[in-house]
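Worksheet: one structure, shown below.
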Amino acid sequence: MEMEKSESKASKINLVLPSLLSPTMAILLVLLSALLSSPGIVSAGGNAFRPADEFLVNCGARNLDSVPDGRIFKTDKEAQGYLQTKQDILVSIPSANVSSPLYLSARIFKEDATYAFTLKSAGWHWVRLHFFPMNNTEFDLRTATFSVSTDKYALLHNFNMNNITQAVLKEYLINMTDPNFSIHFIPLKNSAAFINAIEVVSAPDILISDQATSLFPVNSFAGLNNFGYEVVYRLNMGGPLINSENDTLWRRWVPDKPYLKHESMAKSASVPTSSIKYGPGISSLIAPATVYASAEQMADSETRIQNFNITWNFVADATFSYVVRLHFCDIVSKSLNDLYFNVYLNGKMAISGLDLSSIKDELAVAYFKDFVVDASLMSNGLAVEVGPIGDETGTRNAILNGLEVFKMSSRVNSLDGVFGVDGKMLESHKAVVYVGFGLMFGAFVGLGAMLLKWHKRPQDWQKRDSFSSWLLPVHAGDHSFMTRKAEDESKLSAALADSPAAVAAPDAFSTSVTEDSKSPAEVQAIDDHSGTAMFSQFSGLNGSLNLESKLRCLRQKAKLRNLLLKSQNSVLSLKMENQAEEVTFDMDALRANLPQKKGLSRYYSGKSRSFTRMADVQCLEDLKKPERPDPKKRKKFSDRKDLQVRPYPCRRVSCTTQRVPPCVGV
């Protein structure tokens with residue numbers, strides 16, 4: 001109705017004025033009246049901006065409603081020309097606890113959908129997406145998961161409300177060079193996408209400069225026009241909430257109190273908006289006067305000792321770099337050149353000794369500064385600090401009026417996640433993905449090998465000593481060996497402790513062995529002091545020694561158990577538990593197969609003779625080495641012609657280094 005009245009007034013003026021004024025004046029007045037009647041014109045602080053493109057869509061709405069800032073959004077029916085979809089799911093509710101009627105209706109997509117717009121002018125554009133998970137009978141919007149993208153930028157990746165019951169505004173600033181601009185909604189499988197309202201509005205070119213200051217180290221940064229941006233934070237320090245109706249470009253500024261690290265260290269300051277002045281290269285389009293008319297300053301700034309900063313903390317995604325815009329206006333000083341302070345970003349010095357009054361040689365002048373903070377500095381989020389300088393220059397105080405944080409698009413043109421619209425992924429995340437894939441592949445290979453072994457398992461696997469002996473593909477035999485070895489040792493120890501035939505002479509053994517029989521268990525016991533070797537057999541016994549002789553032998557050999565444990569290599573051939581019947585040992589067959597070499601014991605007697613034959617042993621005294629009274633123990637063979645030495649004595653074999661049966665003489 002207001003728009004119709006303004007149009008009627010303008011038409012009346014157009015009819016009456018030409019008859020009273022000159023033609024030139026009449027044309028000027030007509031143009032002025034048309035300009036003033038246009039709802040798209042905004043003015044503040046002597047600055048006016050008329051957006052060339054202004055697409056406002058109230059999705060799902062059936063009636064035309066105006067929002068509090070006075071702008072008119074098209075109904076869903078009026079915006080049908082922008083939408084490309086196969087479905088027509090509209091939902092609405094009569095009322096809700098929301099700040100705008102835009103959130104009372106929505107359109108739901110269970111398949112891919114696209115809004116396409118034809119732009120009149122290239123350059124910077126606001127793209128605002130409004131979401132509110134209203135209750136409806138079509139789909140639970142609180143669990144909806146979907147992605148949103150343009151032809152160039154990935155705006156949202158697997159976005160969902162996470163059971164949030166409040167309205168959410170996603171705001172982007174994109175430099176558009178193509179006249180065709182599209183927004184794609186892609187729901188996750190078995191899920192849905194939804195949208196309450198869409199804004200695609202031109203933004204003034206002054207809003208984003210191509211130059212900024214980078215950290216760290218502090219240096220110039222060029223090329224801001226080559227990025228897309230998401231507005232993550234926009235704060236009005238020390239002031240109230242600023243809604244779209246109070247902003248020159250329909251922006252929303254929130255109070256800073258929730259982001260203060262220590263609220264007690266800051267206090268608010270404010271002045272009338274009429275006292276704010278804009279310096280060169282800045283206008284109210286950068287930020288309204290309401291932002292510069294309030295500030296946070298250090299609490300108790302008149303105290304003598306102040307060694308603290310005012311700090312604001314923000315959550316940030318370390319995958320992206322950020323543009324941090326700081327708004328300043330000295331509204332607390334009483335005179336020029338009295339306020340000097342430092343500014344820090346994530347602990348790095350951004351500005352040292354800032355004097356706001358020196359910008360235009362007067363107070364209350366608006367000023368802003370852009371900084372690019374690299375992703376490498378965002379691992380712990382974003383921290384903004386202001387504090388006094390260290391010396392006694394001027395008043396010890398520090399202020400900040402406003403703050404904006406813009407997320408910069410990544411190298412793959414993404415503003416959410418690591419993937420771009422073309423499927424490309426950030427290089428920094430590829431290595432992590434490759435390592436994860438390698439670990440997963442290795443796990444699958446190991447699992448597949450175990451499954452293969454399971455399918456090929458033996459029929460008697462439940463009777464096996466070890467589950468891993470046939471299941472595990474690596475070192476299974478070693479584990480089986482260790483299990484069997486432990487059993488063999490325990491059986492040998494039990495035989496030593498309980499059996500009355502622990503040590504037997506060779507004549508007690510059976511002399512028949514079949515060709516395909518396994519070698520019997522033999523144990524070599526070596527006396528560390530005398531060098532005497534004894535050989536005993538613990539399987540296939542057909543006879544036994546005198547019990548008294550054996551017991552005396554065992555008592556003299558107290559270290560026999562430890563020495564037996566050292567001969568584990570010879571025990572490898574044991575299979576005592578698998579012998580179904582007794583195995584006899586043919587000593588003649590063994591002797592015939594052994595190499596006949598001459599050792600030291602063939603030529604020497606006395607203590608140099610290391611072995612004695614078991615066949616010559618009749619009692620324990622025979623095990624001792626023969627002594628001779630000659631004090632010179634080592635003489636040539638010619639001095640010992642009277643020594644009678646039997647041929648083919650036993651060779652001494654170290655059982656700890658070779659896996660061969662010990663040599664037994666006859």
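So you can find residues: chains in the structure tokens are A, B, ... in the order shown, residues in each start at 1, and ligands are numbered from 1 in order.
When the distance limit is 6 Å and only C-alpha atoms are what count, the residues near stretch 106-111 of chain A, minus those fewer than 4 positions from it on the same chain, are Cys59, Gly60, Ile89, Leu90, Val91, Ala192, Ala193, Phe194, Ile195 and Asn196 of chain A.
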- request: Would you kindly return, as a list of chain:residue names, each protein, DNA or RNA residue with an atom no farther than 10 Å from any atom of A:Val201, considering only C-alpha atoms and excluding same-chain residues fewer than 4 positions away?
  value: A:Pro51, A:Ala52, A:Asp53, A:Glu54, A:Phe55, A:Leu56, A:Leu119, A:Trp124, A:His125, A:Trp126, A:Val127, A:Arg128, A:Leu173, A:Leu249
message: as a PyMOL selection string, please: every residue in stretch 144-329 of chain A that DSSP puts in strand (DSSP E or B).
response: chain A and resi 146-149+154-159+168-176+180-187+193-195+197-202+211-215+219-222+229-236+242+253-255+260+266-270+277-278+294-298+310-314+322-328
Nearest to A:Thr177, chosen from A:Lys407, A:Lys120, A:His157, A:His130, with only C-alpha atoms counted in the distances: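 Of A:Lys407, A:Lys120, A:His157, A:His130, the one nearest A:Thr177 is A:Lys120, counting only C-alpha atoms.
Nearest-residue note for A:Tyr82: choosing from A:Val445, A:Cys619, A:Ala222, A:Val57, the minimum distance belongs to A:Val57, counting only C-alpha atoms.
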